[in-house]
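One structure is given here, and the rest of the page talks about it.
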Amino acid sequence: MRKEDTITLVSAEGFEFVIDRKAAVVSNTLKSMLSSSGGFKETEVGEVKLPEISTPVLEKVCEFFYWSLQFSNGIETEFDIEPEMTPDLIMAANFLHT
Amino acid sequence: MSLSKKKTFKIEPFKHKVEIDPRYAERTWSILEDAIHEIYNHNASGLSFEELYRNAYNMVLHKYGDKLYAGLVKTMTQHLKDMAKSVEGSQGGLFLEELNRYWGEHNKALQMIRDILMYMDRTYVPNYNKTPVHELGLNLWRDNVVRAPKIKSRLLDTLLELVHSERTGEVINRGLMRNVTKMLMDLGPTVYHEDFEKPFLTAASGFYRLESQEFIEFCDCGDYLKKAEKRLNEEIERVSHYLDSKSEAKITTVVEKEMIAAHMNRLVEMENSGLVSMLTDDRYEDLGRMYSLFKRVSTGLVLVRDVMTAHLRDTGKQLVTDPERLKDPVEFVQRLLDEKDKYDKIITSSFYNDKTFQNALNSSFEYFINLNARSPEFISLFVDDKLRKGLKGVSEEDAESILDKVMMLFRYLQEKDVFEKYYKQHLAKRLLSGKSVSDDAERSLIVKLKTECGYQFTSKLESMFLDMKTSKDTMQGFNSLLASSDNSDSPTLSVQVLTTGSWPTQSGASCNLPTEILTICDKFKTYYLSTHTGRRLTWQTNMGTADLKATFSKGQRHELNVSTYQMCILLLFNSLDRMTYKEIELATDVPTLDLKRSLQSLACVKGKNVLRKEPMSKDISEDDVFVFNDKFSSKFYKVKISTVAAQKESEPEKQETRQKVEEDRKPQIEAAIVRIMKSRRFLDHNNIVSEVTKQLQARFLPNPSVIKKRIESLIEREFLERDKVDRKLYRYLA
């Protein structure tokens, strides 16, 4: 359902992940991207292409967004990360300023 | 639409990605450069944020941050130079608008660029101590546009011109002004301050200097103040509309300095419209305006206060020393009260109840009230007048307020003991003649005096009241005793028994009372002494009154109200028709001065001459003859002849009272000295004088030489001794 408050993140392989805007703005980069006053494409279409982030990494990132929201609401659970994914995850986090 | 190269990532653990293509940096940079161009040309909508962000990210990551930064500076500077050229080229009025427009555009672009280059801002900039993007953008704008040689002065001139034209009454585009000043403020406080504010303030001060000089030539004080106020409000409004709020204090200082401080003295002293005339004419609004304007200037209020004090002291002094006024003490005091009311009203309505002004008022009043040595006497006379007739028909609150005002004047007196003396005299007369309008008012005034000066001041006054009451009770007892025994043809006697210490001492003269009076007086004396043993009664013939029923030739009857002396004189005429002065004197034994006065009121006053005098002169001489006036007539049945009302004293009486006061002061001073020395043991001369003055100042201001004399006297009586070594030191002898 493409409504006003969802964002689509597209991975390097072309997978589309639909998440809430609220979750997306956990990432500062995405936040400023989406609220930038310039007429950038992203804001209009509501879609962000991330060709340097692979699909499994992007999936984990989205999970992280939701986990972060949950955590700040008081529900403290654990967030699992597989060690192999770690460097990629770090690079993605750096990129997304999360 | 992804333009990045598809690289295969070789993830080597614990190593950063190594750059692969040297020209990668060039390519990435040119993408970004193009993007910046597009942004400045308002073509941003075709761009992908993510792509640009990623490019910048990669550049920084691969250590090309320097290139990125330098490129940014170069590109931005170039664009700004173009903008500057365009602004320079614009004509006249459009200059500001163009500047404003480009500023807006630049800001927007800057924001977009900052968003894209956020990674660089976050990592590269702090590491290499570069200015962040936003600030960089502002600085570049500042250097290339605002401070561009052609633009800088033009900008300043335009702005100042606009402000000037607004001051002269034209309407300008305030929104535009606001944007421009905001721009200057955004560029940094120094920019605003140096490039605009300082010249603005200088221009303003020049403008107001000229204007104030012009105004002051043509306007009177009130108008000038109105104009100054208007300008001040204008400037404040201007600041709120399009200037930085920090400028408000600065510009108001400038206006105040030029319009008010520079001309303060001249304004206050302006003839016919300056402070003095405002005070005399009760111009509350003008005064209020002057107060609030001068309050802003540091010495303004001091000046106003000083001029007011000087003026007040002057008018007060005039009031107090004006010989005309001195003839009527009641009028005199009333004028003082009116003056006080006037200034109180001015201070409350125009000066916002400023305490310093209230103090100045008090000190001035204290100063000139005490200039006239008869002020205590006059105030007492005023009160006397009020309590006799002035408060008749006045409501209780009004009466209270009048008395409170009198108390206020009383506080200003330095010689309160003089007042006490006169008040006692006047009160005695009032009580004895029964002339007080309201007993409550009397008592309330006593209470006020007690609160102000303490119990000692009023103890005697209160005992006077007590005496009157006790006498009433005694009379009741006496009259019931009389009624039981048959004394129908003896005169009715009403006696007030006065305690000697409390009532004002008069020279207790006696006279020969006629026999009819004597019998009943003795009866009373026996009666009284039977109930109160160990007391001595003396008849005070100088304070009594008598009501006589007289029949004249045509058979008219009149009731005459006379003093005791006059009664003695008149009763002589029951047996004789003519008597000489000497005969009267012998028979009645009345003291000369009183006798003359009594005879004068009996024989020389028109309409009340129960006696006729030969010769018909105004003054009584020793050879005069007095005849009973058969033809006496009057419209009224009851005729009042005695003059017992309180008057202001004649010269000799005044001297006498003053002397008494001085005498009374001596023991008070001595008591104070002894008190002080007892606690201090030894003290030097100057300190004694100052302590004594401090202790006694509630009652009067002691004279240092008098204090010295008292010390000498105490030394003689061995209360104190002089120190053998230091002649100025005194020691207390137990």
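Letters A, B, ... go to the chains of the structure tokens in the order shown; residues in each chain start at 1; ligands are counted from 1 in the same order.
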### Query
Where in stretch 155-388 of chain B does DSSP assign helix (DSSP H, G or I), given as a PyMOL selection string?
chain B and resi 155-167+174-186+189-218+221-242+246-268+275-281+284-296+300-321+323-326+329-350+355-369+375-388
### Task
Find the spatial neighbours of A:Phe17, counting only C-alpha atoms, within a cut-off of 9 Å - ignore same-chain residues fewer than 6 positions away - and output them as a list in words.
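Non-adjacent residues within range: Ile7, Thr8, Leu9, Val10, Ser11, Leu58, Glu59 and Cys62 of chain A.
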How would the residues just picked look written out with C-alpha atoms as a compact mmCIF listing (two decimals), in the first residue's frame?
# COMPACT_ATOMS: atom_id res chain seq x y z
CA ILE A 7 9.02 5.04 1.98
CA THR A 8 10.47 2.53 -0.40
CA LEU A 9 14.09 1.57 -0.09
CA VAL A 10 15.58 -0.14 -3.11
CA SER A 11 18.64 -2.34 -2.68
CA LEU A 58 19.38 -3.52 3.66
CA GLU A 59 16.99 -5.99 5.19
CA CYS A 62 15.21 -1.97 8.08
### Message
Neighbouring residues of B:Gln540 were defined as those with any atom within 12 Å, considering only C-alpha atoms; residues of the same chain fewer than 2 positions away were excluded. Please report them as a PyMOL selection string.
### Response
chain B and resi 432+495-500+503-513+521+537-538+542-545+563-565
#### Entry: Contacts of A:Val26 within 8 Å, only C-alpha atoms, excl. fewer than 5 positions in-chain, as a PyMOL selection string
chain A and resi 31+65+68-69+98
### Task
Within 12 Å of stretch 297-311 of chain B, counting only C-alpha atoms, which residues show up once you throw out same-chain ones fewer than 5 positions away? Write them as JSON, numbers by chain, please.
{"B": [252, 253, 254, 255, 256, 257, 258, 259, 260, 261, 262, 263, 264, 265, 266, 267, 268, 269, 270, 274, 275, 276, 277, 278, 279, 280, 287, 288, 290, 291, 292, 316, 317, 318, 343, 346, 347, 351, 354, 355, 356, 357, 358, 359, 360, 361, 362, 363, 364, 365, 366, 367, 368]}
Writer output for current selection, N, CA and C atoms, as a compact mmCIF listing (two decimals), in the first residue's frame:
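Done, and the output landed in result33.txt:
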# COMPACT_ATOMS: atom_id res chain seq x y z
N THR B 252 17.95 53.92 21.43
CA THR B 252 17.27 54.75 22.42
C THR B 252 18.28 55.59 23.18
N THR B 253 19.44 55.01 23.47
CA THR B 253 20.46 55.82 24.14
C THR B 253 20.83 57.02 23.30
N VAL B 254 20.98 56.78 21.98
CA VAL B 254 21.34 57.89 21.10
C VAL B 254 20.28 58.98 21.14
N VAL B 255 19.02 58.57 20.99
CA VAL B 255 17.94 59.57 20.98
C VAL B 255 17.92 60.31 22.31
N GLU B 256 18.01 59.53 23.37
CA GLU B 256 17.97 60.17 24.69
C GLU B 256 19.09 61.18 24.80
N LYS B 257 20.25 60.77 24.36
CA LYS B 257 21.40 61.66 24.52
C LYS B 257 21.19 62.93 23.74
N GLU B 258 20.78 62.79 22.48
CA GLU B 258 20.69 63.98 21.65
C GLU B 258 19.51 64.85 22.01
N MET B 259 18.37 64.18 22.24
CA MET B 259 17.19 65.02 22.40
C MET B 259 16.98 65.46 23.84
N ILE B 260 17.39 64.64 24.75
CA ILE B 260 17.07 64.97 26.13
C ILE B 260 18.29 65.48 26.88
N ALA B 261 19.30 64.63 26.95
CA ALA B 261 20.43 64.99 27.81
C ALA B 261 21.06 66.30 27.40
N ALA B 262 21.20 66.49 26.07
CA ALA B 262 21.91 67.69 25.62
C ALA B 262 21.16 68.96 25.99
N HIS B 263 19.83 68.83 26.14
CA HIS B 263 19.05 70.05 26.34
C HIS B 263 18.36 70.08 27.67
N MET B 264 18.74 69.18 28.52
CA MET B 264 18.03 69.02 29.80
C MET B 264 17.89 70.32 30.55
N ASN B 265 19.05 70.94 30.75
CA ASN B 265 19.00 72.14 31.59
C ASN B 265 18.12 73.20 30.98
N ARG B 266 18.29 73.33 29.67
CA ARG B 266 17.54 74.38 29.02
C ARG B 266 16.04 74.15 29.13
N LEU B 267 15.65 72.89 28.96
CA LEU B 267 14.24 72.55 29.02
C LEU B 267 13.65 72.88 30.39
N VAL B 268 14.39 72.44 31.41
CA VAL B 268 13.83 72.58 32.75
C VAL B 268 13.70 74.04 33.11
N GLU B 269 14.66 74.83 32.62
CA GLU B 269 14.64 76.22 33.06
C GLU B 269 13.90 77.14 32.12
N MET B 270 13.23 76.56 31.15
CA MET B 270 12.55 77.42 30.17
C MET B 270 11.53 78.30 30.85
N GLY B 274 8.77 75.90 31.49
CA GLY B 274 9.67 74.91 32.08
C GLY B 274 9.06 74.25 33.30
N LEU B 275 9.91 73.57 34.02
CA LEU B 275 9.43 72.76 35.14
C LEU B 275 8.67 73.60 36.14
N VAL B 276 9.21 74.77 36.45
CA VAL B 276 8.58 75.59 37.49
C VAL B 276 7.16 75.94 37.13
N SER B 277 6.96 76.36 35.88
CA SER B 277 5.60 76.74 35.52
C SER B 277 4.69 75.52 35.47
N MET B 278 5.26 74.38 35.10
CA MET B 278 4.44 73.16 35.10
C MET B 278 3.95 72.85 36.51
N LEU B 279 4.87 73.07 37.46
CA LEU B 279 4.48 72.76 38.84
C LEU B 279 3.39 73.71 39.30
N THR B 280 3.57 74.99 39.00
CA THR B 280 2.59 75.95 39.48
C THR B 280 1.24 75.74 38.83
N LEU B 287 4.08 67.00 33.22
CA LEU B 287 5.02 66.58 34.26
C LEU B 287 5.30 65.09 34.16
N GLY B 288 4.22 64.33 33.92
CA GLY B 288 4.42 62.89 33.82
C GLY B 288 5.34 62.54 32.67
N MET B 290 7.59 64.47 31.31
CA MET B 290 8.96 64.89 31.64
C MET B 290 9.62 63.85 32.54
N TYR B 291 8.87 63.37 33.50
CA TYR B 291 9.42 62.37 34.41
C TYR B 291 9.87 61.14 33.66
N SER B 292 8.97 60.57 32.84
CA SER B 292 9.35 59.31 32.19
C SER B 292 10.47 59.50 31.18
N GLY B 316 7.74 78.10 49.62
CA GLY B 316 7.48 77.86 51.03
C GLY B 316 7.99 79.00 51.87
N LYS B 317 9.21 79.39 51.56
CA LYS B 317 9.82 80.48 52.34
C LYS B 317 8.98 81.74 52.21
N GLN B 318 8.54 82.00 50.98
CA GLN B 318 7.72 83.19 50.78
C GLN B 318 6.45 83.12 51.60
N TYR B 343 1.37 69.28 46.01
CA TYR B 343 2.56 68.53 45.62
C TYR B 343 2.36 67.03 45.77
N ILE B 346 0.75 66.01 42.67
CA ILE B 346 1.69 65.98 41.54
C ILE B 346 2.55 64.72 41.60
N ILE B 347 3.02 64.42 42.80
CA ILE B 347 3.91 63.25 42.89
C ILE B 347 3.14 61.97 42.59
N PHE B 351 4.54 61.64 38.99
CA PHE B 351 5.87 61.10 39.24
C PHE B 351 5.83 59.67 39.74
N ASP B 354 7.28 58.36 43.15
CA ASP B 354 8.71 58.14 43.33
C ASP B 354 9.13 58.54 44.74
N LYS B 355 9.78 57.60 45.43
CA LYS B 355 10.12 57.86 46.82
C LYS B 355 11.09 59.01 46.98
N THR B 356 12.05 59.12 46.03
CA THR B 356 13.04 60.18 46.19
C THR B 356 12.37 61.55 46.12
N PHE B 357 11.35 61.66 45.26
CA PHE B 357 10.66 62.94 45.19
C PHE B 357 9.87 63.19 46.46
N GLN B 358 9.29 62.14 46.99
CA GLN B 358 8.54 62.29 48.25
C GLN B 358 9.49 62.79 49.33
N ASN B 359 10.69 62.21 49.36
CA ASN B 359 11.66 62.64 50.37
C ASN B 359 12.05 64.09 50.18
N ALA B 360 12.25 64.47 48.89
CA ALA B 360 12.62 65.86 48.63
C ALA B 360 11.52 66.79 49.13
N LEU B 361 10.28 66.39 48.88
CA LEU B 361 9.14 67.18 49.34
C LEU B 361 9.18 67.34 50.85
N ASN B 362 9.36 66.21 51.54
CA ASN B 362 9.38 66.26 53.00
C ASN B 362 10.48 67.16 53.52
N SER B 363 11.66 67.02 52.93
CA SER B 363 12.77 67.81 53.47
C SER B 363 12.54 69.29 53.21
N SER B 364 11.94 69.62 52.04
CA SER B 364 11.70 71.03 51.77
C SER B 364 10.71 71.61 52.76
N PHE B 365 9.64 70.85 53.00
CA PHE B 365 8.64 71.34 53.94
C PHE B 365 9.25 71.53 55.31
N GLU B 366 10.07 70.55 55.70
CA GLU B 366 10.70 70.67 57.01
C GLU B 366 11.53 71.94 57.06
N TYR B 367 12.22 72.20 55.97
CA TYR B 367 13.08 73.37 55.93
C TYR B 367 12.30 74.65 56.14
N PHE B 368 11.24 74.86 55.33
CA PHE B 368 10.66 76.20 55.44
C PHE B 368 9.64 76.34 56.54
### Message
Show me, as a PyMOL selection string, the residues that have an atom within 9 Å of A:Glu52 when counting only C-alpha atoms, minus same-chain residues fewer than 3 positions from it.
### Response
(chain A and resi 11-12+49+92) or (chain B and resi 54)
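Nearest to B:Lys660 of all the residues B:Arg114, B:Arg101, B:Lys421, B:His532 is B:Lys421, based on only C-alpha atoms.
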### Task
Work out how far atom CA of B:Arg681 is from atom CA of B:Arg717, in Å to one decimal.
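Rounded to one decimal, the two atoms are 17.0 Å apart.
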